[in-house]
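A.B. asks: Sharing a structure, written as structure tokens. Questions coming.
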Amino acid sequence: MVAFSETQRNRLIELGLKQGVLQMQFSSVGEREAGYQQVEKAAVKENRSKIKQLTEEVYQPKLCSLQHNIEQSLYDQGFAQVTTPTIISRKFLERMSIDGTHPLNEQVFWLDNKTCLRPMLAPNLYEVSKKMMNYSKMPLRLFEIGSCFRKETEGKSHLKEFTMLNLVEWGTPEDERIQRLKELAEAVLKAAQIKEFGFENEDSVIYGRGLDIIGRDGTELASSSMGPHPLDAAWNITCTWVGIGFGLERLLMYREGEEGIHRYSRSITYQDGAVLNIK
Ligand code: ATP
Ligand code: MG
């Protein structure tokens, strides 16, 4: 039996075809060539109609509608949204324990000696939370959705630029933290229309022990953490808290059952899951 060649496979992946088709077997090279032509042609047609749809209707990319649905769900649960800068200071990373010797330091995009593109939302959230706590009653519920940047060996589930949702609830009663983390994770995943997921204990290099949210195929959808936590001292925070960070493109890749995350990234090759590079 003959399978698709590497080049054919890559093209079919680019066009969005999934395992069922990619694993097709043929009795001869001739039959495989004919099969490839047929499958490729159909996939090109489908991509064309997706792109046409993007331009003919009022159309919201899935990344935007996902963000919108999650925002609505969090507003309904009493969360306030904040927006903070993408460029952050070295000092803020150091407060997250990310210094020259830390493994994540290698992944940071430095702009100059003092500033970088944020690899996470947590330091800015700590900063605005500490300031807002002075004027708000507890529990204080905040979230941000925005781009984060990490130098990754871009595999199928990592992007250099991705969209993070980070939520935090300050003042969660200590004995309710695990339960609350689960409730909040479930609410976000419901808004994202993701039904199958589980929780797993995780040791993070930054936060220590926490709970990861995992898809049925083992994909990490989110990581959570709770306090009081040793990092809190850098912001003079002493209260209890729970927090979760989700990658929105990761959620889309998982929900849509895609082979790779790039289809839903900020891209000039793809728009909303359709490849623009079609003949
Ligand atoms: P992973 O183990 O998948 O590399 P991580 O544990 O380093 O992720 P966290 O710091 O826990 O990532 O970030 C929270 C969430 O942000 C992850 O659960 C994931 O959904 C998403 N995420 C992290 N890094 C990336 C990336 N490079 N591209 C896309 N999404 C990412
Ligand atoms: Mg993680």
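Residue numbers start at 1 in each chain; chains themselves are named A, B, ... in the order of the structure tokens; ligands are numbered from 1 in the order shown.
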Given a cut-off of 7 Å, what residues near ligand 2 show up using only C-alpha atoms and all ligand atoms, put as an MDAnalysis selection string?

C.D. replies: chainID A and resid 204 212 220 222:223

A.B. asks: Which protein, DNA or RNA residues have an atom within 6 Å of ligand 1, counting only C-alpha atoms and all ligand atoms, as a list in words?

C.D. replies: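 Protein and nucleic-acid residues within 6 Å of ligand 1: Arg150, Glu152, His158, Leu159, Lys160, Phe162, Met164, Glu220, Leu221, Ala222, Ser223, Gly245, Phe246, Gly247 and Arg250 of chain A.
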
A.B. asks: Hey, can you spit out that residue selection with N, CA, C and O atoms as a PDB file, in the first residue's frame?

C.D. replies:
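Saved result, result_5.pdb, follows:
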```pdb
ATOM      1  N   ARG A 150       6.520  34.594  23.307  1.00  0.00           N
ATOM      2  CA  ARG A 150       7.565  33.700  23.833  1.00  0.00           C
ATOM      3  C   ARG A 150       8.330  33.105  22.668  1.00  0.00           C
ATOM      4  O   ARG A 150       7.722  32.676  21.684  1.00  0.00           O
ATOM      5  N   GLU A 152       9.551  30.277  21.134  1.00  0.00           N
ATOM      6  CA  GLU A 152       9.284  28.847  21.280  1.00  0.00           C
ATOM      7  C   GLU A 152       9.895  28.148  20.080  1.00  0.00           C
ATOM      8  O   GLU A 152      10.019  28.731  19.012  1.00  0.00           O
ATOM      9  N   HIS A 158       2.415  25.571  19.809  1.00  0.00           N
ATOM     10  CA  HIS A 158       3.036  26.789  20.352  1.00  0.00           C
ATOM     11  C   HIS A 158       3.196  27.850  19.283  1.00  0.00           C
ATOM     12  O   HIS A 158       3.618  27.563  18.173  1.00  0.00           O
ATOM     13  N   LEU A 159       2.897  29.093  19.665  1.00  0.00           N
ATOM     14  CA  LEU A 159       3.101  30.246  18.783  1.00  0.00           C
ATOM     15  C   LEU A 159       4.073  31.196  19.457  1.00  0.00           C
ATOM     16  O   LEU A 159       4.176  31.215  20.689  1.00  0.00           O
ATOM     17  N   LYS A 160       4.745  32.016  18.653  1.00  0.00           N
ATOM     18  CA  LYS A 160       5.610  33.054  19.247  1.00  0.00           C
ATOM     19  C   LYS A 160       4.744  34.169  19.816  1.00  0.00           C
ATOM     20  O   LYS A 160       5.069  34.790  20.799  1.00  0.00           O
ATOM     21  N   PHE A 162       0.810  34.835  20.999  1.00  0.00           N
ATOM     22  CA  PHE A 162      -0.483  34.210  21.252  1.00  0.00           C
ATOM     23  C   PHE A 162      -1.330  35.090  22.170  1.00  0.00           C
ATOM     24  O   PHE A 162      -0.830  36.066  22.738  1.00  0.00           O
ATOM     25  N   MET A 164      -3.489  35.542  25.397  1.00  0.00           N
ATOM     26  CA  MET A 164      -3.690  34.969  26.735  1.00  0.00           C
ATOM     27  C   MET A 164      -4.920  35.579  27.389  1.00  0.00           C
ATOM     28  O   MET A 164      -5.172  36.779  27.246  1.00  0.00           O
ATOM     29  N   GLU A 220      -2.501  20.831  26.951  1.00  0.00           N
ATOM     30  CA  GLU A 220      -2.705  21.771  28.064  1.00  0.00           C
ATOM     31  C   GLU A 220      -3.538  22.943  27.565  1.00  0.00           C
ATOM     32  O   GLU A 220      -3.139  23.645  26.635  1.00  0.00           O
ATOM     33  N   LEU A 221      -4.707  23.148  28.175  1.00  0.00           N
ATOM     34  CA  LEU A 221      -5.577  24.256  27.771  1.00  0.00           C
ATOM     35  C   LEU A 221      -5.328  25.477  28.638  1.00  0.00           C
ATOM     36  O   LEU A 221      -5.466  26.610  28.182  1.00  0.00           O
ATOM     37  N   ALA A 222      -4.983  25.244  29.901  1.00  0.00           N
ATOM     38  CA  ALA A 222      -4.776  26.353  30.832  1.00  0.00           C
ATOM     39  C   ALA A 222      -3.977  25.870  32.034  1.00  0.00           C
ATOM     40  O   ALA A 222      -3.932  24.673  32.317  1.00  0.00           O
ATOM     41  N   SER A 223      -3.356  26.838  32.718  1.00  0.00           N
ATOM     42  CA  SER A 223      -2.692  26.547  33.990  1.00  0.00           C
ATOM     43  C   SER A 223      -3.264  27.479  35.048  1.00  0.00           C
ATOM     44  O   SER A 223      -3.543  28.641  34.754  1.00  0.00           O
ATOM     45  N   GLY A 245      -4.656  31.024  33.618  1.00  0.00           N
ATOM     46  CA  GLY A 245      -4.228  31.556  32.317  1.00  0.00           C
ATOM     47  C   GLY A 245      -4.557  30.573  31.206  1.00  0.00           C
ATOM     48  O   GLY A 245      -4.136  29.406  31.263  1.00  0.00           O
ATOM     49  N   PHE A 246      -5.322  31.045  30.212  1.00  0.00           N
ATOM     50  CA  PHE A 246      -5.697  30.219  29.059  1.00  0.00           C
ATOM     51  C   PHE A 246      -5.069  30.815  27.799  1.00  0.00           C
ATOM     52  O   PHE A 246      -5.005  32.040  27.657  1.00  0.00           O
ATOM     53  N   GLY A 247      -4.701  29.982  26.834  1.00  0.00           N
ATOM     54  CA  GLY A 247      -4.300  30.485  25.517  1.00  0.00           C
ATOM     55  C   GLY A 247      -5.493  30.350  24.570  1.00  0.00           C
ATOM     56  O   GLY A 247      -5.992  29.244  24.368  1.00  0.00           O
ATOM     57  N   ARG A 250      -4.997  28.156  21.517  1.00  0.00           N
ATOM     58  CA  ARG A 250      -4.928  26.756  21.961  1.00  0.00           C
ATOM     59  C   ARG A 250      -6.348  26.206  22.131  1.00  0.00           C
ATOM     60  O   ARG A 250      -6.647  25.089  21.747  1.00  0.00           O
TER      61      ARG A 250
END
```

A.B. asks: So which residues touch Trp241 in chain A within 9 Å, counting only C-alpha atoms, skipping near sequence neighbours fewer than 5 positions away, as a PDB file with N, CA and C atoms, in the first residue's frame?

C.D. replies:
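To be explicit, this is the file written out as out.pdb:
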```pdb
ATOM      1  N   PRO A 139     -14.469  39.974  47.426  1.00  0.00           N
ATOM      2  CA  PRO A 139     -13.430  39.609  46.477  1.00  0.00           C
ATOM      3  C   PRO A 139     -13.373  40.567  45.287  1.00  0.00           C
ATOM      4  N   VAL A 168      -8.144  36.603  37.589  1.00  0.00           N
ATOM      5  CA  VAL A 168      -7.731  36.436  38.993  1.00  0.00           C
ATOM      6  C   VAL A 168      -8.868  36.879  39.913  1.00  0.00           C
ATOM      7  N   GLU A 169      -9.055  36.120  40.973  1.00  0.00           N
ATOM      8  CA  GLU A 169     -10.021  36.509  42.013  1.00  0.00           C
ATOM      9  C   GLU A 169      -9.244  36.659  43.303  1.00  0.00           C
ATOM     10  N   TRP A 170      -9.183  37.872  43.802  1.00  0.00           N
ATOM     11  CA  TRP A 170      -8.491  38.155  45.066  1.00  0.00           C
ATOM     12  C   TRP A 170      -9.500  38.027  46.199  1.00  0.00           C
ATOM     13  N   GLY A 171      -9.078  37.331  47.278  1.00  0.00           N
ATOM     14  CA  GLY A 171      -9.962  37.233  48.448  1.00  0.00           C
ATOM     15  C   GLY A 171     -10.868  36.015  48.425  1.00  0.00           C
ATOM     16  N   THR A 172     -10.576  35.026  47.618  1.00  0.00           N
ATOM     17  CA  THR A 172     -11.333  33.763  47.654  1.00  0.00           C
ATOM     18  C   THR A 172     -11.098  33.117  49.023  1.00  0.00           C
ATOM     19  N   PRO A 173     -12.170  32.690  49.731  1.00  0.00           N
ATOM     20  CA  PRO A 173     -11.922  32.031  51.027  1.00  0.00           C
ATOM     21  C   PRO A 173     -10.957  30.849  50.863  1.00  0.00           C
ATOM     22  N   GLU A 174     -10.025  30.718  51.795  1.00  0.00           N
ATOM     23  CA  GLU A 174      -8.912  29.770  51.632  1.00  0.00           C
ATOM     24  C   GLU A 174      -9.376  28.348  51.321  1.00  0.00           C
ATOM     25  N   ARG A 177     -10.677  27.531  47.535  1.00  0.00           N
ATOM     26  CA  ARG A 177      -9.874  27.893  46.355  1.00  0.00           C
ATOM     27  C   ARG A 177      -9.922  26.852  45.242  1.00  0.00           C
ATOM     28  N   SER A 225      -3.289  28.730  39.368  1.00  0.00           N
ATOM     29  CA  SER A 225      -2.438  28.892  40.526  1.00  0.00           C
ATOM     30  C   SER A 225      -3.250  29.521  41.657  1.00  0.00           C
ATOM     31  N   MET A 226      -2.686  29.535  42.842  1.00  0.00           N
ATOM     32  CA  MET A 226      -3.417  30.150  43.953  1.00  0.00           C
ATOM     33  C   MET A 226      -2.469  30.740  44.985  1.00  0.00           C
ATOM     34  N   GLY A 227      -3.016  31.630  45.789  1.00  0.00           N
ATOM     35  CA  GLY A 227      -2.200  32.266  46.810  1.00  0.00           C
ATOM     36  C   GLY A 227      -2.921  32.249  48.144  1.00  0.00           C
ATOM     37  N   PRO A 228      -2.260  32.571  49.242  1.00  0.00           N
ATOM     38  CA  PRO A 228      -0.978  33.269  49.313  1.00  0.00           C
ATOM     39  C   PRO A 228       0.145  32.478  48.631  1.00  0.00           C
ATOM     40  N   HIS A 229       1.055  33.260  48.010  1.00  0.00           N
ATOM     41  CA  HIS A 229       2.093  32.683  47.177  1.00  0.00           C
ATOM     42  C   HIS A 229       3.387  33.477  47.383  1.00  0.00           C
TER      43      HIS A 229
END
```

A.B. asks: Do a neighbour search on Val128 in chain A at 9 Å with only C-alpha atoms, toss out local chain neighbours closer than 5 positions, and write the hits as a list in words.

C.D. replies: Val82, Thr84, Pro123 and Met133 of chain A

A.B. asks: Could you save those same residues with C-alpha atoms as a PDB file, in the first residue's frame?

C.D. replies:
```
ATOM      1  CA  VAL A  82      -8.356  45.617  32.456  1.00  0.00           C
ATOM      2  CA  THR A  84      -2.345  46.956  30.196  1.00  0.00           C
ATOM      3  CA  PRO A 123       3.040  40.978  36.361  1.00  0.00           C
ATOM      4  CA  MET A 133      -7.450  46.790  45.983  1.00  0.00           C
TER       5      MET A 133
END
```

A.B. asks: If you run DSSP on the backbone here, which positions in range 29-214 of chain A get helix (DSSP H, G or I)? Please write them as an MDAnalysis selection string.

C.D. replies: chainID A and resid 29:56 62:76 90:95 103:107 122:133 174:191

A.B. asks: Give me, as a list in words, all polymer residues having an atom no more than 12 Å from Glu46 in chain A, counting only C-alpha atoms and skipping those fewer than 2 positions away in the same chain.

C.D. replies: Leu15, Gly16, Leu17, Val39, Glu40, Lys41, Ala42, Ala43, Val44, Arg48, Ser49, Lys50, Ile51, Lys52, Gln53, Gly273, Ala274, Val275, Leu276 and Ile278 of chain A

A.B. asks: Any idea what's packed within 8 Å of Thr83 in chain A, counting only C-alpha atoms, ignoring anything in its chain fewer than 3 positions away? Could you give it as a PyMOL selection string?

C.D. replies: chain A and resi 144-146

A.B. asks: Taking only C-alpha atoms into account, which of A:Glu71, A:Arg9, A:Glu57, A:Glu256 comes nearest Ile194 in chain A?

C.D. replies: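 Nearest candidate to Ile194 in chain A out of A:Glu71, A:Arg9, A:Glu57, A:Glu256: A:Glu256.
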
A.B. asks: Skipping near chain neighbours, those fewer than 2 positions away, what residues fall within 12 Å of Ala187 in chain A using only C-alpha atoms, listed as a list of chain:residue names?

C.D. replies: A:Asn69, A:Ile70, A:Glu71, A:Gln72, A:Ser73, A:Leu74, A:Tyr75, A:Asp76, A:Gln77, A:Leu167, A:Arg180, A:Leu181, A:Lys182, A:Glu183, A:Leu184, A:Ala185, A:Leu189, A:Lys190, A:Ala191, A:Ala192, A:Gln193, A:Ile194, A:Lys195, A:Ile244

A.B. asks: From the list A:Thr219, A:Gln23, A:Ser224, A:Gln107, which residue is nearest Gly260 in chain A when using only C-alpha atoms?

C.D. replies: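 Among the listed residues, A:Thr219 lies closest to Gly260 in chain A.
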
A.B. asks: If you run DSSP on the backbone, which residues of range 85-253 of chain A are strand (DSSP E), as a ChimeraX atom specification?

C.D. replies: /A:87-89,115-117,140-149,161-170,197-204,208-215,220-227,241-247

A.B. asks: Of the candidates A:Lys137, A:Lys156, A:Lys91, A:His262, which one gets nearest to Trp235 in chain A if we count only C-alpha atoms?

C.D. replies: A:Lys91
